[in-house]
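Heads up, query.txt below (compact mmCIF, all heavy atoms):
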# COMPACT_ATOMS: atom_id res chain seq x y z
N MET A 2 0.85 -1.18 0.00
CA MET A 2 0.00 0.00 0.00
C MET A 2 0.89 1.25 0.00
O MET A 2 1.84 1.35 0.76
CB MET A 2 -0.89 0.00 1.24
CG MET A 2 -1.80 1.19 1.30
SD MET A 2 -3.09 1.01 2.54
CE MET A 2 -2.35 1.89 3.89
N VAL A 3 0.55 2.20 -0.83
CA VAL A 3 1.29 3.45 -0.90
C VAL A 3 0.76 4.39 0.17
O VAL A 3 -0.45 4.59 0.30
CB VAL A 3 1.14 4.10 -2.29
CG1 VAL A 3 1.81 5.44 -2.34
CG2 VAL A 3 1.68 3.17 -3.36
N ARG A 4 1.66 4.95 0.95
CA ARG A 4 1.25 5.88 2.01
C ARG A 4 0.97 7.24 1.40
O ARG A 4 1.78 7.76 0.65
CB ARG A 4 2.38 6.00 3.04
CG ARG A 4 1.95 6.80 4.25
CD ARG A 4 3.12 6.90 5.23
NE ARG A 4 2.71 7.46 6.49
CZ ARG A 4 2.47 8.75 6.70
NH1 ARG A 4 2.59 9.61 5.74
NH2 ARG A 4 2.11 9.18 7.88
N PRO A 5 -0.20 7.82 1.72
CA PRO A 5 -0.51 9.16 1.21
C PRO A 5 0.47 10.19 1.74
O PRO A 5 1.05 10.02 2.81
CB PRO A 5 -1.92 9.43 1.73
CG PRO A 5 -2.40 8.20 2.36
CD PRO A 5 -1.23 7.29 2.56
N GLU A 6 0.64 11.27 1.00
CA GLU A 6 1.47 12.37 1.46
C GLU A 6 0.69 13.15 2.52
O GLU A 6 -0.53 13.16 2.52
CB GLU A 6 1.80 13.31 0.29
CG GLU A 6 2.66 12.65 -0.77
CD GLU A 6 4.06 12.33 -0.28
OE1 GLU A 6 4.63 13.13 0.48
OE2 GLU A 6 4.58 11.27 -0.67
N GLY A 7 1.40 13.84 3.38
CA GLY A 7 0.76 14.67 4.39
C GLY A 7 0.86 14.05 5.76
O GLY A 7 1.47 13.01 5.95
N LEU A 8 0.23 14.72 6.73
CA LEU A 8 0.23 14.22 8.09
C LEU A 8 -0.95 14.79 8.85
O LEU A 8 -1.65 15.67 8.38
CB LEU A 8 1.54 14.58 8.80
CG LEU A 8 1.96 16.06 8.83
CD1 LEU A 8 1.44 16.75 10.06
CD2 LEU A 8 3.47 16.13 8.79
N LEU A 9 -1.16 14.24 10.05
CA LEU A 9 -2.22 14.73 10.91
C LEU A 9 -1.64 15.71 11.91
O LEU A 9 -0.49 15.59 12.32
CB LEU A 9 -2.86 13.58 11.70
CG LEU A 9 -3.69 12.58 10.93
CD1 LEU A 9 -4.26 11.55 11.90
CD2 LEU A 9 -4.80 13.25 10.18
N ALA A 10 -2.45 16.66 12.30
CA ALA A 10 -2.08 17.59 13.35
C ALA A 10 -3.23 17.66 14.35
O ALA A 10 -4.40 17.55 13.97
CB ALA A 10 -1.81 18.98 12.79
N ILE A 11 -2.89 17.80 15.61
CA ILE A 11 -3.90 17.95 16.66
C ILE A 11 -3.86 19.40 17.12
O ILE A 11 -2.85 19.87 17.62
CB ILE A 11 -3.61 17.01 17.85
CG1 ILE A 11 -3.61 15.55 17.38
CG2 ILE A 11 -4.63 17.22 18.95
CD1 ILE A 11 -3.23 14.57 18.47
N ILE A 12 -4.99 20.09 16.92
CA ILE A 12 -5.05 21.52 17.25
C ILE A 12 -6.23 21.75 18.19
O ILE A 12 -7.37 21.49 17.84
CB ILE A 12 -5.22 22.36 15.96
CG1 ILE A 12 -4.06 22.09 15.01
CG2 ILE A 12 -5.34 23.84 16.30
CD1 ILE A 12 -4.23 22.67 13.64
N GLY A 13 -5.95 22.22 19.38
CA GLY A 13 -7.01 22.52 20.34
C GLY A 13 -7.64 21.30 20.98
O GLY A 13 -8.78 21.33 21.39
N CYS A 14 -6.89 20.24 21.07
CA CYS A 14 -7.38 18.97 21.62
C CYS A 14 -7.73 19.10 23.10
O CYS A 14 -7.01 19.74 23.87
CB CYS A 14 -6.28 17.92 21.44
SG CYS A 14 -6.67 16.31 22.11
N ASN A 15 -8.85 18.47 23.50
CA ASN A 15 -9.22 18.46 24.92
C ASN A 15 -8.78 17.15 25.58
O ASN A 15 -9.10 16.88 26.72
CB ASN A 15 -10.71 18.72 25.12
CG ASN A 15 -11.59 17.61 24.56
OD1 ASN A 15 -11.11 16.58 24.12
ND2 ASN A 15 -12.89 17.83 24.58
N ASN A 16 -8.05 16.31 24.83
CA ASN A 16 -7.46 15.06 25.32
C ASN A 16 -8.47 14.07 25.87
O ASN A 16 -8.21 13.36 26.83
CB ASN A 16 -6.37 15.37 26.36
CG ASN A 16 -5.24 16.14 25.73
OD1 ASN A 16 -4.57 15.64 24.84
ND2 ASN A 16 -5.04 17.38 26.17
N CYS A 17 -9.63 13.98 25.22
CA CYS A 17 -10.65 13.03 25.66
C CYS A 17 -10.24 11.59 25.37
O CYS A 17 -10.69 10.67 26.03
CB CYS A 17 -12.00 13.34 25.01
SG CYS A 17 -12.09 12.99 23.23
N GLY A 18 -9.41 11.38 24.34
CA GLY A 18 -8.91 10.04 24.02
C GLY A 18 -9.78 9.21 23.10
O GLY A 18 -9.44 8.06 22.81
N LYS A 19 -10.89 9.75 22.61
CA LYS A 19 -11.76 8.98 21.72
C LYS A 19 -11.02 8.57 20.45
O LYS A 19 -11.21 7.48 19.93
CB LYS A 19 -13.02 9.77 21.37
CG LYS A 19 -13.96 9.93 22.52
CD LYS A 19 -15.20 10.70 22.14
CE LYS A 19 -16.09 10.84 23.36
NZ LYS A 19 -17.31 11.57 23.06
N CYS A 20 -10.15 9.43 19.96
CA CYS A 20 -9.39 9.14 18.75
C CYS A 20 -8.46 7.94 18.96
O CYS A 20 -8.34 7.07 18.09
CB CYS A 20 -8.59 10.35 18.31
SG CYS A 20 -7.47 10.99 19.58
N ALA A 21 -7.82 7.89 20.11
CA ALA A 21 -6.90 6.79 20.41
C ALA A 21 -7.65 5.46 20.50
O ALA A 21 -7.10 4.42 20.12
CB ALA A 21 -6.16 7.07 21.70
N LEU A 22 -8.89 5.49 20.95
CA LEU A 22 -9.67 4.27 21.05
C LEU A 22 -10.02 3.68 19.70
O LEU A 22 -10.14 2.46 19.57
CB LEU A 22 -10.96 4.52 21.85
CG LEU A 22 -10.78 4.85 23.33
CD1 LEU A 22 -12.12 5.21 23.96
CD2 LEU A 22 -10.13 3.69 24.06
N VAL A 23 -10.20 4.52 18.67
CA VAL A 23 -10.59 4.01 17.35
C VAL A 23 -9.40 3.76 16.42
O VAL A 23 -9.57 3.17 15.36
CB VAL A 23 -11.60 4.93 16.64
CG1 VAL A 23 -12.86 5.09 17.45
CG2 VAL A 23 -10.99 6.26 16.28
N CYS A 24 -8.22 4.19 16.81
CA CYS A 24 -7.05 4.04 15.93
C CYS A 24 -6.61 2.57 15.91
O CYS A 24 -6.04 2.06 16.87
CB CYS A 24 -5.91 4.93 16.39
SG CYS A 24 -4.49 4.82 15.27
N SER A 25 -6.85 1.91 14.79
CA SER A 25 -6.54 0.48 14.68
C SER A 25 -5.06 0.21 14.45
O SER A 25 -4.64 -0.94 14.48
CB SER A 25 -7.38 -0.14 13.55
OG SER A 25 -7.07 0.49 12.32
N HIS A 26 -4.27 1.24 14.22
CA HIS A 26 -2.83 1.06 13.98
C HIS A 26 -1.97 1.53 15.14
O HIS A 26 -0.75 1.51 15.06
CB HIS A 26 -2.43 1.79 12.69
CG HIS A 26 -2.96 1.10 11.48
ND1 HIS A 26 -4.22 1.35 11.00
CD2 HIS A 26 -2.42 0.15 10.69
CE1 HIS A 26 -4.44 0.59 9.95
NE2 HIS A 26 -3.36 -0.15 9.75
N GLY A 27 -2.61 2.00 16.22
CA GLY A 27 -1.87 2.42 17.40
C GLY A 27 -1.09 3.72 17.21
O GLY A 27 -0.18 4.02 17.97
N ALA A 28 -1.47 4.49 16.20
CA ALA A 28 -0.76 5.75 15.93
C ALA A 28 -1.11 6.84 16.93
O ALA A 28 -0.30 7.72 17.19
CB ALA A 28 -1.05 6.22 14.51
N LEU A 29 -2.30 6.78 17.48
CA LEU A 29 -2.73 7.75 18.49
C LEU A 29 -2.78 7.08 19.84
O LEU A 29 -3.38 6.02 19.99
CB LEU A 29 -4.11 8.30 18.15
CG LEU A 29 -4.10 9.27 16.98
CD1 LEU A 29 -5.34 9.13 16.15
CD2 LEU A 29 -3.94 10.68 17.49
N GLN A 30 -2.12 7.70 20.81
CA GLN A 30 -2.11 7.15 22.16
C GLN A 30 -2.17 8.28 23.18
O GLN A 30 -1.82 9.41 22.86
CB GLN A 30 -0.85 6.32 22.38
CG GLN A 30 -0.79 5.15 21.43
CD GLN A 30 0.15 4.07 21.90
OE1 GLN A 30 0.65 4.10 23.02
NE2 GLN A 30 0.38 3.10 21.05
N ARG A 31 -2.62 7.92 24.37
CA ARG A 31 -2.62 8.90 25.47
C ARG A 31 -1.43 8.62 26.36
O ARG A 31 -1.23 7.50 26.81
CB ARG A 31 -3.91 8.81 26.27
CG ARG A 31 -5.10 9.32 25.48
CD ARG A 31 -6.34 9.38 26.30
NE ARG A 31 -6.29 10.58 27.12
CZ ARG A 31 -6.94 10.74 28.25
NH1 ARG A 31 -7.69 9.78 28.71
NH2 ARG A 31 -6.86 11.85 28.92
N HIS A 32 -0.65 9.65 26.60
CA HIS A 32 0.50 9.58 27.49
C HIS A 32 0.39 10.73 28.48
O HIS A 32 0.31 11.89 28.06
CB HIS A 32 1.81 9.70 26.72
CG HIS A 32 2.05 8.60 25.75
ND1 HIS A 32 2.46 7.34 26.13
CD2 HIS A 32 1.93 8.54 24.40
CE1 HIS A 32 2.58 6.57 25.07
NE2 HIS A 32 2.26 7.28 24.01
N ASN A 33 0.39 10.41 29.76
CA ASN A 33 0.30 11.44 30.80
C ASN A 33 -0.87 12.39 30.56
O ASN A 33 -0.75 13.60 30.71
CB ASN A 33 1.61 12.23 30.89
CG ASN A 33 2.77 11.35 31.29
OD1 ASN A 33 2.62 10.46 32.11
ND2 ASN A 33 3.92 11.59 30.69
N GLY A 34 -2.01 11.83 30.14
CA GLY A 34 -3.21 12.63 29.95
C GLY A 34 -3.27 13.43 28.66
O GLY A 34 -4.19 14.20 28.45
N ARG A 35 -2.28 13.24 27.77
CA ARG A 35 -2.25 13.98 26.50
C ARG A 35 -2.23 13.00 25.33
O ARG A 35 -1.57 11.97 25.39
CB ARG A 35 -1.04 14.89 26.43
CG ARG A 35 -1.06 15.95 27.54
CD ARG A 35 -0.09 17.06 27.30
NE ARG A 35 -0.30 17.74 26.05
CZ ARG A 35 -1.03 18.84 25.88
NH1 ARG A 35 -1.65 19.36 26.89
NH2 ARG A 35 -1.12 19.40 24.71
N VAL A 36 -2.93 13.35 24.27
CA VAL A 36 -2.95 12.52 23.07
C VAL A 36 -1.76 12.86 22.19
O VAL A 36 -1.45 14.04 21.97
CB VAL A 36 -4.27 12.73 22.27
CG1 VAL A 36 -4.24 11.96 20.97
CG2 VAL A 36 -5.47 12.32 23.10
N THR A 37 -1.08 11.82 21.70
CA THR A 37 0.06 12.01 20.81
C THR A 37 -0.13 11.17 19.55
O THR A 37 -0.84 10.18 19.55
CB THR A 37 1.38 11.59 21.48
OG1 THR A 37 1.31 10.20 21.83
CG2 THR A 37 1.67 12.42 22.71
N ILE A 38 0.51 11.62 18.46
CA ILE A 38 0.45 10.90 17.18
C ILE A 38 1.84 10.38 16.85
O ILE A 38 2.81 11.12 16.88
CB ILE A 38 0.02 11.82 16.03
CG1 ILE A 38 -1.35 12.42 16.27
CG2 ILE A 38 0.01 11.06 14.71
CD1 ILE A 38 -1.76 13.45 15.23
N ASP A 39 1.90 9.09 16.49
CA ASP A 39 3.13 8.52 15.95
C ASP A 39 2.95 8.51 14.43
O ASP A 39 2.23 7.68 13.88
CB ASP A 39 3.34 7.10 16.48
CG ASP A 39 4.63 6.48 15.99
OD1 ASP A 39 5.10 6.85 14.89
OD2 ASP A 39 5.16 5.61 16.70
N HIS A 40 3.57 9.45 13.76
CA HIS A 40 3.37 9.61 12.31
C HIS A 40 3.89 8.43 11.51
O HIS A 40 3.44 8.21 10.39
CB HIS A 40 4.00 10.92 11.83
CG HIS A 40 3.32 12.12 12.38
ND1 HIS A 40 2.09 12.56 11.94
CD2 HIS A 40 3.67 12.97 13.38
CE1 HIS A 40 1.72 13.62 12.62
NE2 HIS A 40 2.66 13.89 13.50
N ASP A 41 4.81 7.66 12.08
CA ASP A 41 5.30 6.47 11.38
C ASP A 41 4.26 5.37 11.35
O ASP A 41 4.26 4.53 10.43
CB ASP A 41 6.58 5.95 12.04
CG ASP A 41 7.75 6.90 11.86
OD1 ASP A 41 7.79 7.60 10.82
OD2 ASP A 41 8.60 6.95 12.75
N LEU A 42 3.35 5.33 12.31
CA LEU A 42 2.30 4.31 12.35
C LEU A 42 1.01 4.76 11.67
O LEU A 42 0.19 3.93 11.28
CB LEU A 42 1.99 3.93 13.80
CG LEU A 42 3.12 3.26 14.58
CD1 LEU A 42 2.69 3.02 16.03
CD2 LEU A 42 3.54 1.96 13.92
N CYS A 43 0.82 6.06 11.53
CA CYS A 43 -0.41 6.61 10.97
C CYS A 43 -0.51 6.31 9.47
O CYS A 43 0.42 6.56 8.71
CB CYS A 43 -0.46 8.11 11.20
SG CYS A 43 -1.93 8.91 10.51
N ILE A 44 -1.67 5.77 9.05
CA ILE A 44 -1.90 5.50 7.63
C ILE A 44 -2.88 6.51 7.02
O ILE A 44 -3.33 6.35 5.89
CB ILE A 44 -2.41 4.07 7.39
CG1 ILE A 44 -3.77 3.85 8.06
CG2 ILE A 44 -1.38 3.04 7.84
CD1 ILE A 44 -4.51 2.64 7.55
N LEU A 45 -3.22 7.54 7.76
CA LEU A 45 -4.13 8.61 7.33
C LEU A 45 -5.51 8.10 6.92
O LEU A 45 -6.12 8.57 5.98
CB LEU A 45 -3.50 9.42 6.18
CG LEU A 45 -2.22 10.17 6.55
CD1 LEU A 45 -1.58 10.76 5.30
CD2 LEU A 45 -2.50 11.24 7.57
N CYS A 46 -6.03 7.14 7.69
CA CYS A 46 -7.37 6.63 7.42
C CYS A 46 -8.45 7.62 7.84
O CYS A 46 -9.58 7.55 7.38
CB CYS A 46 -7.58 5.29 8.11
SG CYS A 46 -7.60 5.38 9.91
N MET A 47 -8.10 8.52 8.75
CA MET A 47 -8.96 9.59 9.24
C MET A 47 -10.12 9.13 10.14
O MET A 47 -11.03 9.89 10.42
CB MET A 47 -9.51 10.44 8.08
CG MET A 47 -8.43 11.04 7.20
SD MET A 47 -7.20 12.02 8.09
CE MET A 47 -8.16 13.45 8.54
N ASP A 48 -10.07 7.89 10.63
CA ASP A 48 -11.09 7.43 11.58
C ASP A 48 -11.07 8.30 12.83
O ASP A 48 -12.12 8.61 13.40
CB ASP A 48 -10.85 5.97 11.97
CG ASP A 48 -11.15 5.00 10.84
OD1 ASP A 48 -11.81 5.40 9.86
OD2 ASP A 48 -10.72 3.83 10.96
N CYS A 49 -9.89 8.71 13.24
CA CYS A 49 -9.75 9.55 14.44
C CYS A 49 -10.44 10.89 14.26
O CYS A 49 -11.13 11.37 15.17
CB CYS A 49 -8.28 9.75 14.76
SG CYS A 49 -7.31 10.45 13.40
N ALA A 50 -10.28 11.49 13.10
CA ALA A 50 -10.89 12.79 12.84
C ALA A 50 -12.42 12.70 12.85
O ALA A 50 -13.10 13.62 13.28
CB ALA A 50 -10.39 13.36 11.52
N GLU A 51 -12.93 11.56 12.38
CA GLU A 51 -14.39 11.38 12.34
C GLU A 51 -15.00 11.30 13.72
O GLU A 51 -16.13 11.74 13.92
CB GLU A 51 -14.74 10.14 11.53
CG GLU A 51 -14.47 10.30 10.05
CD GLU A 51 -14.80 9.05 9.26
OE1 GLU A 51 -15.63 8.24 9.73
OE2 GLU A 51 -14.24 8.89 8.17
N VAL A 52 -14.28 10.73 14.70
CA VAL A 52 -14.86 10.58 16.04
C VAL A 52 -14.52 11.74 16.97
O VAL A 52 -15.09 11.83 18.06
CB VAL A 52 -14.43 9.26 16.72
CG1 VAL A 52 -14.89 8.07 15.90
CG2 VAL A 52 -12.97 9.22 17.01
N CYS A 53 -13.62 12.62 16.57
CA CYS A 53 -13.24 13.73 17.44
C CYS A 53 -14.43 14.67 17.65
O CYS A 53 -14.95 15.25 16.69
CB CYS A 53 -12.07 14.50 16.84
SG CYS A 53 -11.56 15.90 17.86
N PRO A 54 -14.88 14.82 18.90
CA PRO A 54 -16.07 15.64 19.16
C PRO A 54 -15.86 17.14 18.91
O PRO A 54 -16.83 17.86 18.72
CB PRO A 54 -16.40 15.36 20.62
CG PRO A 54 -15.10 14.93 21.22
CD PRO A 54 -14.35 14.23 20.13
N ILE A 55 -14.61 17.60 18.91
CA ILE A 55 -14.38 19.03 18.71
C ILE A 55 -13.61 19.31 17.40
O ILE A 55 -13.15 20.42 17.19
CB ILE A 55 -13.64 19.66 19.91
CG1 ILE A 55 -12.29 19.01 20.13
CG2 ILE A 55 -14.51 19.58 21.16
CD1 ILE A 55 -11.43 19.73 21.14
N LYS A 56 -13.44 18.28 16.58
CA LYS A 56 -12.79 18.40 15.27
C LYS A 56 -11.38 18.98 15.40
O LYS A 56 -10.96 19.83 14.65
CB LYS A 56 -13.63 19.25 14.31
CG LYS A 56 -15.05 18.76 14.14
CD LYS A 56 -15.08 17.34 13.65
CE LYS A 56 -16.51 16.85 13.50
NZ LYS A 56 -16.65 15.42 13.58
N ALA A 57 -10.64 18.46 16.39
CA ALA A 57 -9.29 18.95 16.66
C ALA A 57 -8.22 18.27 15.80
O ALA A 57 -7.08 18.71 15.81
CB ALA A 57 -8.96 18.75 18.13
N ILE A 58 -8.59 17.21 15.08
CA ILE A 58 -7.61 16.50 14.26
C ILE A 58 -7.81 16.91 12.81
O ILE A 58 -8.89 16.78 12.25
CB ILE A 58 -7.76 14.98 14.42
CG1 ILE A 58 -7.56 14.60 15.88
CG2 ILE A 58 -6.78 14.24 13.51
CD1 ILE A 58 -7.83 13.16 16.19
N VAL A 59 -6.74 17.43 12.22
CA VAL A 59 -6.82 17.92 10.84
C VAL A 59 -5.72 17.30 10.00
O VAL A 59 -4.65 16.94 10.50
CB VAL A 59 -6.72 19.46 10.78
CG1 VAL A 59 -7.92 20.09 11.45
CG2 VAL A 59 -5.44 19.96 11.41
N TYR A 60 -5.98 17.18 8.70
CA TYR A 60 -5.02 16.66 7.75
C TYR A 60 -4.28 17.83 7.12
O TYR A 60 -4.89 18.81 6.71
CB TYR A 60 -5.76 15.86 6.66
CG TYR A 60 -4.89 15.44 5.52
CD1 TYR A 60 -4.01 14.38 5.65
CD2 TYR A 60 -4.97 16.08 4.30
CE1 TYR A 60 -3.20 13.98 4.59
CE2 TYR A 60 -4.18 15.69 3.23
CZ TYR A 60 -3.30 14.65 3.39
OH TYR A 60 -2.51 14.26 2.33
N ILE A 61 -2.96 17.71 7.05
CA ILE A 61 -2.14 18.76 6.44
C ILE A 61 -1.33 18.15 5.30
O ILE A 61 -0.63 17.16 5.51
CB ILE A 61 -1.17 19.39 7.48
CG1 ILE A 61 -1.98 20.03 8.61
CG2 ILE A 61 -0.26 20.40 6.82
CD1 ILE A 61 -1.13 20.55 9.74
N GLU A 62 -1.46 18.73 4.11
CA GLU A 62 -0.68 18.23 2.97
C GLU A 62 0.73 18.75 3.02
O GLU A 62 1.02 19.79 3.49
CB GLU A 62 -1.33 18.66 1.67
CG GLU A 62 -2.58 17.87 1.38
CD GLU A 62 -3.11 18.14 -0.01
OE1 GLU A 62 -2.33 18.16 -0.97
OE2 GLU A 62 -4.32 18.35 -0.11

Would it be possible to restate this file's structure as structure tokens?
Amino acid sequence: MVRPEGLLAIIGCNNCGKCALVCSHGALQRHNGRVTIDHDLCILCMDCAEVCPIKAIVYIE
């Protein structure tokens, strides 16, 4: 599979962790109460952005 160009950014996150729960590749995790993205694991499926209640996850080309 070819990895799309770009990356995810978390802007204004309230650290609820819903995105980490739906990430099937383990790219989003909560550490010390904060959500982090491992860009090497992220496949840009955008499942996390769909469940984010405040739309804090955005795609950047």

Legend entry - Within-5 Å shell of (-9.4, 14.8, 12.1) in input frame, all heavy atoms, as a ChimeraX atom specification: /A:47,49-51,58-59

Residue subset to file, keeping all heavy atoms, as a PDB file, keeping the file's coordinate frame:
ATOM      1  N   MET A  47      -8.100   8.520   8.750  1.00  0.00           N
ATOM      2  CA  MET A  47      -8.960   9.590   9.240  1.00  0.00           C
ATOM      3  C   MET A  47     -10.120   9.130  10.140  1.00  0.00           C
ATOM      4  O   MET A  47     -11.030   9.890  10.420  1.00  0.00           O
ATOM      5  CB  MET A  47      -9.510  10.440   8.080  1.00  0.00           C
ATOM      6  CG  MET A  47      -8.430  11.040   7.200  1.00  0.00           C
ATOM      7  SD  MET A  47      -7.200  12.020   8.090  1.00  0.00           S
ATOM      8  CE  MET A  47      -8.160  13.450   8.540  1.00  0.00           C
ATOM      9  N   CYS A  49      -9.890   8.710  13.240  1.00  0.00           N
ATOM     10  CA  CYS A  49      -9.750   9.550  14.440  1.00  0.00           C
ATOM     11  C   CYS A  49     -10.440  10.890  14.260  1.00  0.00           C
ATOM     12  O   CYS A  49     -11.130  11.370  15.170  1.00  0.00           O
ATOM     13  CB  CYS A  49      -8.280   9.750  14.760  1.00  0.00           C
ATOM     14  SG  CYS A  49      -7.310  10.450  13.400  1.00  0.00           S
ATOM     15  N   ALA A  50     -10.280  11.490  13.100  1.00  0.00           N
ATOM     16  CA  ALA A  50     -10.890  12.790  12.840  1.00  0.00           C
ATOM     17  C   ALA A  50     -12.420  12.700  12.850  1.00  0.00           C
ATOM     18  O   ALA A  50     -13.100  13.620  13.280  1.00  0.00           O
ATOM     19  CB  ALA A  50     -10.390  13.360  11.520  1.00  0.00           C
ATOM     20  N   GLU A  51     -12.930  11.560  12.380  1.00  0.00           N
ATOM     21  CA  GLU A  51     -14.390  11.380  12.340  1.00  0.00           C
ATOM     22  C   GLU A  51     -15.000  11.300  13.720  1.00  0.00           C
ATOM     23  O   GLU A  51     -16.130  11.740  13.920  1.00  0.00           O
ATOM     24  CB  GLU A  51     -14.740  10.140  11.530  1.00  0.00           C
ATOM     25  CG  GLU A  51     -14.470  10.300  10.050  1.00  0.00           C
ATOM     26  CD  GLU A  51     -14.800   9.050   9.260  1.00  0.00           C
ATOM     27  OE1 GLU A  51     -15.630   8.240   9.730  1.00  0.00           O
ATOM     28  OE2 GLU A  51     -14.240   8.890   8.170  1.00  0.00           O
ATOM     29  N   ILE A  58      -8.590  17.210  15.080  1.00  0.00           N
ATOM     30  CA  ILE A  58      -7.610  16.500  14.260  1.00  0.00           C
ATOM     31  C   ILE A  58      -7.810  16.910  12.810  1.00  0.00           C
ATOM     32  O   ILE A  58      -8.890  16.780  12.250  1.00  0.00           O
ATOM     33  CB  ILE A  58      -7.760  14.980  14.420  1.00  0.00           C
ATOM     34  CG1 ILE A  58      -7.560  14.600  15.880  1.00  0.00           C
ATOM     35  CG2 ILE A  58      -6.780  14.240  13.510  1.00  0.00           C
ATOM     36  CD1 ILE A  58      -7.830  13.160  16.190  1.00  0.00           C
ATOM     37  N   VAL A  59      -6.740  17.430  12.220  1.00  0.00           N
ATOM     38  CA  VAL A  59      -6.820  17.920  10.840  1.00  0.00           C
ATOM     39  C   VAL A  59      -5.720  17.300  10.000  1.00  0.00           C
ATOM     40  O   VAL A  59      -4.650  16.940  10.500  1.00  0.00           O
ATOM     41  CB  VAL A  59      -6.720  19.460  10.780  1.00  0.00           C
ATOM     42  CG1 VAL A  59      -7.920  20.090  11.450  1.00  0.00           C
ATOM     43  CG2 VAL A  59      -5.440  19.960  11.410  1.00  0.00           C
TER      44      VAL A  59
END

Inset, instruction - Could you check how far CA of Ala28 in chain A sits from CA of Ile55 in chain A, in Å to one decimal? - result: 19.2 Å

Legend entry - DSSP strand (DSSP E or B) residues within chain A, as a ChimeraX atom specification: /A:8-11,29-32,35-38,58-61

Legend entry - Shell around range 5-20 of chain A at 8 Å using only C-alpha atoms, local window under 4 positions removed, as a VMD selection string: chain A and resid 24 29 to 31 34 to 36 38 40 44 to 45 48 to 50 52 to 53 55 57 to 62

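Picture a line from atom N of Pro54 in chain A to atom O of Ala21 in chain A; it runs 13.0 Å.
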
Legend entry - Atomic distance CD2 of Leu42 in chain A - CD2 of Leu22 in chain A, expressed in Å with one decimal: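 Atom-to-atom, CD2 of Leu42 in chain A to CD2 of Leu22 in chain A, that is 17.1 Å.
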
Box for range 41-52 of chain A - axis-aligned, 3 Å on each of the six sides, all listed atoms - centre and size in Å to one decimal, as AutoDock Vina command-line options.
--center_x -3.8 --center_y 7.8 --center_z 11.7 --size_x 30.7 --size_y 17.7 --size_z 18.8
